[in-house]
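To keep things clear, I will list the structure first and then write my remarks on it.
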Amino acid sequence: MSEHSADCELTWRHDWAPHLFSFRTVRPAGLVFAPGQFVRLGLAGADGTMVWRAYSIVSPPAADHLEFYSIVVPNGPFTQPLAGLAVGDVVRIDPTVYGFLRTDRFEGGCDLWLLATGTGIAPFMSMLADDAVWRRFERIVVIHSVRRASELVYRDDLSAWARAAPCGARPLVYLPTLTAEPGPLTGRITNLLADGGLERAVGLALSSDDSRLMMCGNPSMIKETRALLGARGMTPVRRETPGHYISENFW
């Protein structure tokens, strides 16, 4: 880890459900990031050595704090002690930023589709809280797939953007989908994509000319979605090659 890592105090915490919570910390001096990137958080393990995990930043680049969103894994060596922290406690933050889940890697396209499962919604919140993404795309679609409605975190923010977007942009299309209980839209993202249900629900067709996609979440969702997009002639963005989608595994 970076020798410049620092202990940062928790300044705010919100528990969405017994196994889901968000928290904010003091922002380390000099940390610069793009929406969609992540840093590593550290806590001392049972034997005193530091345990590190990657966490996407939820807050926008202009914020004076850092916000993160976490699931609590039963008996998890990192998330269990993290869940025990309260305002005033500290977590170590390595200010080195990572990740290529960035909208500035796209060329062309006017529609941005953000497909998330579970905690994969975190980097998308940072993007949507930054005006640049609203200026870059004509239409933005957010699909958040979770098991139960109680797990639809940041729903108020997303619903607010669906009513009125910043910068005079077109409002967000926000479609939550549930997999373990009935809801307005039910089913896995991949099934809805395969049978056309996703495009019908959004009222917008996916096309290689107009659509640019980001997927973040369960690795099986990422793998299946990449295959479905590949069958439509869509390709991933590479370092030197423009494409139609960017993906990042995120539990």
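Chain labels A, B, ... are given in the sequence in which chains occur in the structure tokens; within each chain residues are numbered consecutively from 1, and ligands are likewise numbered from 1 in the order shown.
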Open item on the list: Give me, as a list of chain:residue names, all polymer residues having an atom no more than 6 Å from Ile143 in chain A, counting only C-alpha atoms and skipping those fewer than 5 positions away in the same chain.
Closed with: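 What passes the distance filter is A:Leu115, A:Leu175, A:Pro176.
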Taking the backbone alone, and naming residues the way the document does, which bits of range 113-153 of chain A are strand (DSSP E or B) by DSSP, as a PDB file with C-alpha atoms, in the first residue's frame?
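Wrote out_1.pdb, looks like this:
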ATOM      1  CA  TRP A 113     -26.935   2.741 -19.847  1.00  0.00           C
ATOM      2  CA  LEU A 114     -25.748   2.027 -16.296  1.00  0.00           C
ATOM      3  CA  LEU A 115     -26.449  -1.569 -15.270  1.00  0.00           C
ATOM      4  CA  ALA A 116     -25.791  -2.448 -11.627  1.00  0.00           C
ATOM      5  CA  THR A 117     -26.424  -5.347  -9.288  1.00  0.00           C
ATOM      6  CA  ARG A 139     -30.285  10.150 -22.232  1.00  0.00           C
ATOM      7  CA  ILE A 140     -29.160   8.225 -19.151  1.00  0.00           C
ATOM      8  CA  VAL A 141     -30.698   4.943 -18.017  1.00  0.00           C
ATOM      9  CA  VAL A 142     -30.030   3.327 -14.636  1.00  0.00           C
ATOM     10  CA  ILE A 143     -31.016  -0.284 -14.006  1.00  0.00           C
ATOM     11  CA  HIS A 144     -30.404  -1.461 -10.425  1.00  0.00           C
ATOM     12  CA  SER A 145     -31.066  -5.130  -9.749  1.00  0.00           C
ATOM     13  CA  VAL A 146     -31.394  -6.351  -6.158  1.00  0.00           C
TER      14      VAL A 146
END
Task: Distance query Arg238 in chain A at most 12 Å, only C-alpha atoms, self and fewer than 3 positions along chain excluded, as a ChimeraX atom specification - done: /A:100-101,105-107,235,241-247
- [ ] Tell me which of A:Phe137, A:Phe124, A:Trp16, A:Tyr69 sits closest to Ala34 in chain A, counting only C-alpha atoms.
- [x] A:Phe124
Task: Residues within 12 Å of Val72 in chain A, only C-alpha atoms, excluding chain neighbours under 6 positions, as a VMD selection string - done: chain A and resid 15 to 22 78 to 84 119 251
Task: Counting only C-alpha atoms, the option among A:Tyr174, A:Leu213, A:Arg147, A:Val58 closest to Thr186 in chain A - done: A:Arg147
- [ ] Compare A:Leu31, A:Ala164, A:Ala169, A:Leu112 by their minimum atom-to-atom distance to Ala205 in chain A, counting only C-alpha atoms, and give me the closest one.
- [x]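 Comparing A:Leu31, A:Ala164, A:Ala169, A:Leu112 against Ala205 in chain A, the winner is A:Leu112.
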Open item on the list: Please list as an NGL selection string every residue within 8 Å of Met127 in chain A, counting only C-alpha atoms and excluding residues in the same chain fewer than 6 positions away.
Closed with: :A and (35-36 or 60 or 133)
Taking C-alpha atoms for each residue, export the selection above as a PDB file, in the first residue's frame.
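Saved result, result03.pdb, follows:
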ATOM      1  CA  PRO A  35     -16.203   9.478 -11.058  1.00  0.00           C
ATOM      2  CA  GLY A  36     -16.249   5.679 -11.206  1.00  0.00           C
ATOM      3  CA  PRO A  60     -18.534  13.294  -6.600  1.00  0.00           C
ATOM      4  CA  VAL A 133     -22.077  13.153 -17.357  1.00  0.00           C
TER       5      VAL A 133
END
Task: Test item: residues at most 10 Å from Ala62 in chain A, only C-alpha atoms, excluding those fewer than 6 positions along its chain, as JSON, numbers by chain - done: {"A": [32, 33, 34, 129, 130]}
May I have the residues from that selection written out with C-alpha atoms, as a short mmCIF file (atom, residue, chain, number, x, y, z; two decimals), in the first residue's frame?
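Result went into part18.cif, see below:
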data_model
loop_
_atom_site.label_atom_id
_atom_site.label_comp_id
_atom_site.auth_asym_id
_atom_site.auth_seq_id
_atom_site.Cartn_x
_atom_site.Cartn_y
_atom_site.Cartn_z
CA VAL A 32 -7.92 13.49 -6.89
CA PHE A 33 -10.22 11.03 -8.68
CA ALA A 34 -12.62 10.69 -11.58
CA ALA A 129 -23.60 13.54 -8.91
CA ASP A 130 -21.16 15.13 -11.38
#
- [ ] May I ask which of the residues A:Asp94, A:Val51, A:Gly88, A:Val26 is the closest one to His65 in chain A, counting only C-alpha atoms?
- [x] A:Val26
- [ ] From a DSSP pass on the backbone, collect the residues of range 12-228 of chain A flagged as helix (DSSP H, G or I) and hand them back as a ChimeraX atom specification.
- [x] /A:79-83,103-105,118-128,131-136,149-151,155-163,166-168,189-194,197-202,219-228
